[in-house]
$ cat protein_20.cif   # mmCIF, C-alpha atoms
data_structure
#
loop_
_atom_site.label_atom_id
_atom_site.label_comp_id
_atom_site.auth_asym_id
_atom_site.auth_seq_id
_atom_site.Cartn_x
_atom_site.Cartn_y
_atom_site.Cartn_z
CA LEU A 1 141.66 -162.40 -35.49
CA GLU A 2 139.90 -165.19 -37.34
CA ARG A 3 137.25 -165.29 -34.62
CA MET A 4 136.72 -161.57 -34.83
CA PHE A 5 136.40 -161.83 -38.61
CA TYR A 6 133.95 -164.68 -38.24
CA LEU A 7 131.84 -162.74 -35.73
CA THR A 8 131.78 -159.68 -37.95
CA PHE A 9 130.72 -161.70 -40.99
CA HIS A 10 128.05 -163.51 -38.97
CA SER A 11 126.69 -160.19 -37.72
CA LYS A 12 126.43 -158.82 -41.25
CA THR A 13 124.59 -161.94 -42.35
CA ASN A 14 122.06 -161.42 -39.56
CA GLN A 15 121.74 -157.79 -40.53
CA HIS A 16 120.96 -158.77 -44.11
CA THR A 17 118.40 -161.29 -42.91
CA ILE A 18 116.80 -158.80 -40.53
CA MET A 19 116.68 -156.07 -43.17
CA ARG A 20 115.25 -158.47 -45.74
CA ASN A 21 112.55 -159.56 -43.31
CA PHE A 22 111.89 -155.95 -42.36
CA TYR A 23 111.36 -154.87 -45.97
CA PHE A 24 109.15 -157.88 -46.61
CA ALA A 25 107.02 -157.02 -43.57
CA LEU A 26 106.88 -153.36 -44.64
CA ILE A 27 105.70 -154.27 -48.15
CA THR A 28 103.09 -156.64 -46.70
CA LEU A 29 101.76 -153.98 -44.34
CA THR A 30 101.65 -151.44 -47.17
CA CYS A 31 99.65 -153.83 -49.36
CA LEU A 32 97.25 -154.51 -46.51
CA PHE A 33 96.85 -150.78 -45.88
CA VAL A 34 96.15 -150.04 -49.53
CA ASN A 35 93.72 -152.93 -49.82
CA ARG A 36 91.91 -151.94 -46.66
CA ASN A 37 91.53 -148.34 -47.74
CA GLY A 38 90.53 -149.34 -51.25
CA ASN A 39 87.64 -151.32 -49.80
CA SER A 40 86.73 -149.05 -46.90
CA GLN A 41 83.20 -149.03 -45.56
CA ASN A 42 81.76 -145.53 -45.38
CA VAL A 43 78.13 -146.00 -44.33
CA VAL A 44 76.80 -147.80 -41.25
CA VAL A 45 73.17 -148.90 -40.91
CA ALA A 46 71.70 -149.77 -37.50
CA GLY A 47 68.23 -150.32 -36.08
CA ALA A 48 66.83 -151.92 -39.25
CA LEU A 49 65.03 -155.25 -39.23
CA VAL A 50 66.94 -156.18 -42.39
CA GLY A 51 70.08 -154.60 -43.80
CA ASN A 52 72.12 -153.60 -40.75
CA GLY A 53 75.85 -153.42 -41.37
CA SER A 54 78.57 -151.44 -43.12
CA TYR A 55 78.50 -150.38 -46.75
CA LEU A 56 80.83 -148.75 -49.25
CA ASP A 57 78.27 -146.11 -50.29
CA LEU A 58 74.75 -144.84 -49.60
CA SER A 59 73.35 -146.59 -52.67
CA SER A 60 74.38 -149.99 -51.30
CA ALA A 61 73.01 -149.13 -47.85
CA PHE A 62 69.63 -148.21 -49.35
CA ILE A 63 69.54 -151.49 -51.25
CA GLY A 64 70.04 -153.32 -47.96
CA ILE A 65 67.22 -151.38 -46.29
CA ASN A 66 64.92 -151.83 -49.28
CA SER A 67 65.22 -155.61 -48.93
CA GLY A 68 62.74 -155.67 -46.01
CA ALA A 69 59.51 -153.96 -44.95
CA GLN A 70 61.20 -152.52 -41.80
CA THR A 71 57.87 -152.41 -39.95
CA GLY A 72 58.16 -150.23 -36.85
CA ALA A 73 61.94 -149.85 -37.13
CA ASN A 74 63.91 -146.74 -36.13
CA ILE A 75 66.78 -146.79 -38.57
CA SER A 76 69.99 -144.80 -38.33
CA ILE A 77 72.32 -144.34 -41.27
CA THR A 78 75.68 -142.87 -40.26
CA ILE A 79 78.07 -141.52 -42.87
CA ILE A 80 81.51 -142.30 -41.44
CA GLY A 81 83.51 -141.71 -44.63
CA ASN A 82 83.14 -139.82 -47.88
CA THR A 83 81.26 -141.73 -50.56
CA THR A 84 81.31 -141.67 -54.35
CA GLU A 85 77.97 -143.01 -55.50
CA PRO A 86 78.17 -145.33 -58.53
CA ALA A 87 74.44 -145.00 -59.23
CA THR A 88 71.36 -143.25 -57.87
CA ALA A 89 70.88 -144.01 -54.18
CA THR A 90 67.16 -144.84 -54.03
CA LEU A 91 65.25 -145.37 -50.80
CA ASN A 92 61.84 -146.89 -51.45
CA ALA A 93 58.71 -146.74 -49.30
CA GLY A 94 58.93 -148.64 -46.02
CA ALA A 95 56.91 -149.16 -42.86
CA TRP A 96 59.56 -147.83 -40.48
CA ASN A 97 58.90 -145.30 -37.75
CA SER A 98 61.87 -143.19 -38.77
CA VAL A 99 65.05 -143.06 -40.82
CA ILE A 100 67.79 -140.65 -39.74
CA ILE A 101 70.78 -140.00 -41.98
CA ALA A 102 73.64 -138.11 -40.31
CA PRO A 103 77.42 -137.73 -40.59
CA SER A 104 80.18 -138.58 -38.17
CA GLY A 105 82.79 -135.95 -38.91
CA PRO A 106 82.92 -133.74 -42.01
CA ARG A 107 81.51 -135.92 -44.78
CA THR A 108 80.56 -135.69 -48.44
CA ILE A 109 78.18 -137.82 -50.48
CA SER A 110 78.98 -137.18 -54.13
CA GLY A 111 78.60 -138.55 -57.63
CA ASN A 112 78.30 -137.71 -61.29
CA ILE A 113 74.82 -139.01 -62.00
CA ALA A 114 72.70 -138.01 -65.02
CA GLY A 115 69.57 -138.08 -62.89
CA ALA A 116 69.07 -138.00 -59.15
CA LEU A 117 72.01 -138.60 -56.84
CA VAL A 118 69.75 -139.36 -53.84
CA ASN A 119 66.18 -140.41 -54.56
CA PHE A 120 63.40 -140.79 -51.99
CA ASP A 121 60.87 -142.83 -53.97
CA GLY A 122 57.75 -142.92 -51.79
CA ALA A 123 59.92 -142.92 -48.66
CA ASP A 124 58.32 -141.20 -45.66
CA ARG A 125 59.61 -139.96 -42.30
CA VAL A 126 63.22 -139.51 -43.33
CA VAL A 127 65.46 -136.91 -41.70
CA VAL A 128 68.79 -135.93 -43.25
CA ASN A 129 70.64 -133.89 -40.62
CA GLY A 130 74.17 -132.65 -41.28
CA PHE A 131 74.44 -131.14 -37.77
CA ASN A 132 76.99 -128.44 -38.73
CA SER A 133 78.33 -128.55 -35.18
CA GLY A 134 80.86 -130.43 -33.11
CA GLY A 135 83.05 -131.09 -36.15
CA ASN A 136 80.22 -132.80 -38.01
CA SER A 137 78.93 -131.61 -41.38
CA LEU A 138 77.43 -133.02 -44.55
CA ILE A 139 77.70 -132.05 -48.21
CA ILE A 140 75.62 -133.83 -50.85
CA GLU A 141 76.86 -133.06 -54.35
CA ASN A 142 75.94 -134.12 -57.87
CA THR A 143 78.53 -132.79 -60.32
CA ASN A 144 76.53 -133.76 -63.42
CA ASN A 145 75.72 -130.82 -65.72
CA THR A 146 72.61 -132.23 -67.43
CA ALA A 147 69.00 -132.63 -66.28
CA ALA A 148 70.36 -133.87 -62.98
CA SER A 149 69.32 -133.37 -59.38
CA THR A 150 71.08 -133.82 -56.08
CA VAL A 151 68.04 -134.88 -54.01
CA GLN A 152 64.73 -136.03 -55.49
CA PHE A 153 61.33 -136.72 -53.93
CA LEU A 154 58.91 -138.94 -55.90
CA ASN A 155 55.64 -140.88 -55.56
CA ASP A 156 54.19 -139.41 -52.36
CA ALA A 157 57.44 -139.03 -50.44
CA ARG A 158 56.09 -137.29 -47.35
CA ILE A 159 57.12 -135.93 -43.94
CA ASN A 160 60.79 -135.68 -44.85
CA SER A 161 63.32 -133.07 -43.84
CA LEU A 162 66.72 -131.82 -44.95
CA GLN A 163 68.51 -129.73 -42.36
CA ASN A 164 71.89 -128.28 -41.43
CA LEU A 165 73.65 -129.36 -44.61
CA THR A 166 74.95 -128.20 -47.98
CA LEU A 167 73.46 -129.25 -51.31
CA ARG A 168 75.53 -128.74 -54.46
CA GLY A 169 74.20 -129.08 -57.98
CA ALA A 170 75.08 -128.27 -61.58
CA ASN A 171 71.84 -129.07 -63.41
CA SER A 172 71.30 -127.30 -66.72
CA SER A 173 67.62 -128.11 -67.24
CA THR A 174 64.74 -125.70 -66.67
CA THR A 175 62.62 -128.64 -65.51
CA SER A 176 65.00 -129.90 -62.85
CA GLY A 177 66.80 -128.53 -59.83
CA THR A 178 69.30 -129.29 -57.10
CA VAL A 179 66.20 -130.49 -55.26
CA LEU A 180 63.61 -132.00 -57.58
CA ILE A 181 60.11 -132.61 -56.26
CA GLY A 182 58.79 -134.86 -58.98
CA ALA A 183 55.63 -136.77 -59.82
CA GLY A 184 53.33 -137.56 -56.94
CA GLY A 185 50.36 -139.80 -56.30
CA PRO A 186 47.08 -139.22 -54.49
CA GLN A 187 48.74 -137.54 -51.51
CA GLY A 188 51.56 -135.75 -53.28
CA ASN A 189 55.12 -135.14 -52.16
CA ASP A 190 54.21 -132.94 -49.22
CA SER A 191 55.24 -132.00 -45.69
CA LEU A 192 58.83 -131.49 -46.84
CA LEU A 193 60.99 -129.38 -44.54
CA PHE A 194 64.15 -127.53 -45.55
CA ASN A 195 65.93 -125.96 -42.58
CA ALA A 196 69.37 -124.33 -42.64
CA VAL A 197 70.19 -125.78 -46.07
CA ALA A 198 72.91 -124.06 -48.10
CA PHE A 199 72.58 -124.33 -51.88
CA GLU A 200 75.79 -124.07 -53.89
CA GLU A 201 77.10 -124.61 -57.41
CA SER A 202 79.08 -127.70 -58.37
CA ALA A 203 82.05 -128.30 -60.68
CA GLY A 204 82.02 -124.62 -61.68
CA PHE A 205 78.43 -124.76 -62.94
CA PHE A 206 75.54 -122.83 -61.39
CA PRO A 207 72.29 -124.83 -61.36
CA VAL A 208 69.34 -123.41 -63.30
CA ASN A 209 67.09 -124.08 -60.29
CA HIS A 210 67.87 -124.78 -56.69
CA ILE A 211 64.39 -126.24 -56.09
CA TYR A 212 62.02 -127.35 -58.81
CA SER A 213 58.59 -128.87 -58.18
CA SER A 214 56.46 -130.62 -60.75
CA GLY A 215 54.17 -132.68 -58.52
#
$ encode --input "protein_20.cif" --output "structure tokens"
Amino acid sequence: LERMFYLTFHSKTNQHTIMRNFYFALITLTCLFVNRNGNSQNVVVAGALVGNGSYLDLSSAFIGINSGAQTGANISITIIGNTTEPATATLNAGAWNSVIIAPSGPRTISGNIAGALVNFDGADRVVVNGFNSGGNSLIIENTNNTAASTVQFLNDARINSLQNLTLRGANSSTTSGTVLIGAGGPQGNDSLLFNAVAFEESAGFFPVNHIYSSG
């Protein structure tokens, strides 16, 4: 009887130890999961001469690409997770052959920016293709209800295209739009292609202009 009692007590002690270790492991895994998701990388750059890698948002990816001339590069920017842009994502002029921005899965690039959400500042030969097929799609949305824009072209941004995607804006200015074609240089912001682009309101506000050109 004493041996049976001893075995039973010993078994309960092991159970307590196992359960304690189990809960500790569970809490550790939960913390790792939360930390990993809190710092997830949503944008992948490949094909660049400088700046390849994974980034939290499009703004950071553009900063990486802007850090080199990219002469002759064919750059791909894949949106693998939804992003919330902390500031305007600006792509400057570069000497690449091409830049292609496309989603993997249904993705959204969004932000509340009192200005442009995505800005192509002299950047040429950029294609933003949301596909809208095979489970892939892209929404670019600026929820700001001031003189804001969702996509902006400036300073001779040429030979660029937006296709198969949705643009959402809430701008309230008569001199802005969901797409703003702003000040140009000697060549102008020309050869811009919009193909199968859906324009929608954002945050319950209808934009004053879907497209506004001033240069």
$ atom_distance --input "protein_20.cif" --atom1 "CA of Ser133 (chain A)" --atom2 "CA of Glu201 (chain A)"
22.6 Å
$ closest_residue --input "protein_20.cif" --among "A:Ser137, A:Thr108, A:Asn155, A:Ser76" --to "Ala93 (chain A)" --atoms "all atoms listed in the file"
A:Asn155
$ resolve_selection --input "protein_20.cif" --expression "the PyMOL selection byres ((chain A and resi 196) around 7)" --output "PyMOL selection string"
chain A and resi 163-165+194-195+197-198
$ resolve_selection --input "protein_20.cif" --expression "the PyMOL selection byres ((chain A and resi 149) around 9)" --output "list of chain:residue names"
A:Ile113, A:Ala114, A:Gly115, A:Ala116, A:Leu117, A:Val118, A:Asn142, A:Asn144, A:Thr146, A:Ala147, A:Ala148, A:Thr150, A:Val151, A:Gln152, A:Gly169, A:Ala170, A:Asn171, A:Ser176, A:Gly177, A:Thr178, A:Val179, A:Leu180
$ atom_distance --input "protein_20.cif" --atom1 "CA of Arg158 (chain A)" --atom2 "CA of Ala89 (chain A)"
17.6 Å
$ atom_distance --input "protein_20.cif" --atom1 "CA of Thr166 (chain A)" --atom2 "CA of Glu141 (chain A)"
8.2 Å
$ residues_around --input "protein_20.cif" --residues "Gly47 (chain A)" --least-positions-apart "5" --cutoff "10 Å" --atoms "all atoms listed in the file" --output "count of residues only"
10
$ residues_around --input "protein_20.cif" --residues "region 81-83 of chain A" --least-positions-apart "5" --cutoff "6 Å" --atoms "all atoms listed in the file" --output "list in words"
Asn42, Asp57, Arg107, Thr108 and Ile109 of chain A
$ residues_around --input "protein_20.cif" --residues "Phe199 (chain A)" --least-positions-apart "3" --cutoff "7 Å" --atoms "only C-alpha atoms" --output "compact mmCIF listing (two decimals) with C-alpha atoms, in the frame of the given file"
# COMPACT_ATOMS: atom_id res chain seq x y z
CA THR A 166 74.95 -128.20 -47.98
CA LEU A 167 73.46 -129.25 -51.31
CA ARG A 168 75.53 -128.74 -54.46
CA HIS A 210 67.87 -124.78 -56.69
$ residues_around --input "protein_20.cif" --residues "Gly135 (chain A)" --least-positions-apart "2" --cutoff "12 Å" --atoms "only C-alpha atoms" --output "JSON list (two decimals) with C-alpha atoms, in the frame of the given file"
[["chain", "number", "residue", "atom", "x", "y", "z"],
["A", 103, "PRO", "CA", 77.42, -137.73, -40.59],
["A", 104, "SER", "CA", 80.18, -138.58, -38.17],
["A", 105, "GLY", "CA", 82.79, -135.95, -38.91],
["A", 106, "PRO", "CA", 82.92, -133.74, -42.01],
["A", 107, "ARG", "CA", 81.51, -135.92, -44.78],
["A", 130, "GLY", "CA", 74.17, -132.65, -41.28],
["A", 131, "PHE", "CA", 74.44, -131.14, -37.77],
["A", 132, "ASN", "CA", 76.99, -128.44, -38.73],
["A", 133, "SER", "CA", 78.33, -128.55, -35.18],
["A", 137, "SER", "CA", 78.93, -131.61, -41.38],
["A", 138, "LEU", "CA", 77.43, -133.02, -44.55]]
$ resolve_selection --input "protein_20.cif" --expression "the PyMOL selection byres ((chain A and resi 156) around 12)" --output "VMD selection string"
chain A and resid 92 to 93 120 to 125 152 to 155 157 to 160 181 to 192 215
$ residues_around --input "protein_20.cif" --residues "Val50 (chain A)" --least-positions-apart "3" --cutoff "8 Å" --atoms "all atoms listed in the file" --output "list of chain:residue names"
A:Gly64, A:Ile65, A:Ser67, A:Gly68, A:Gln70
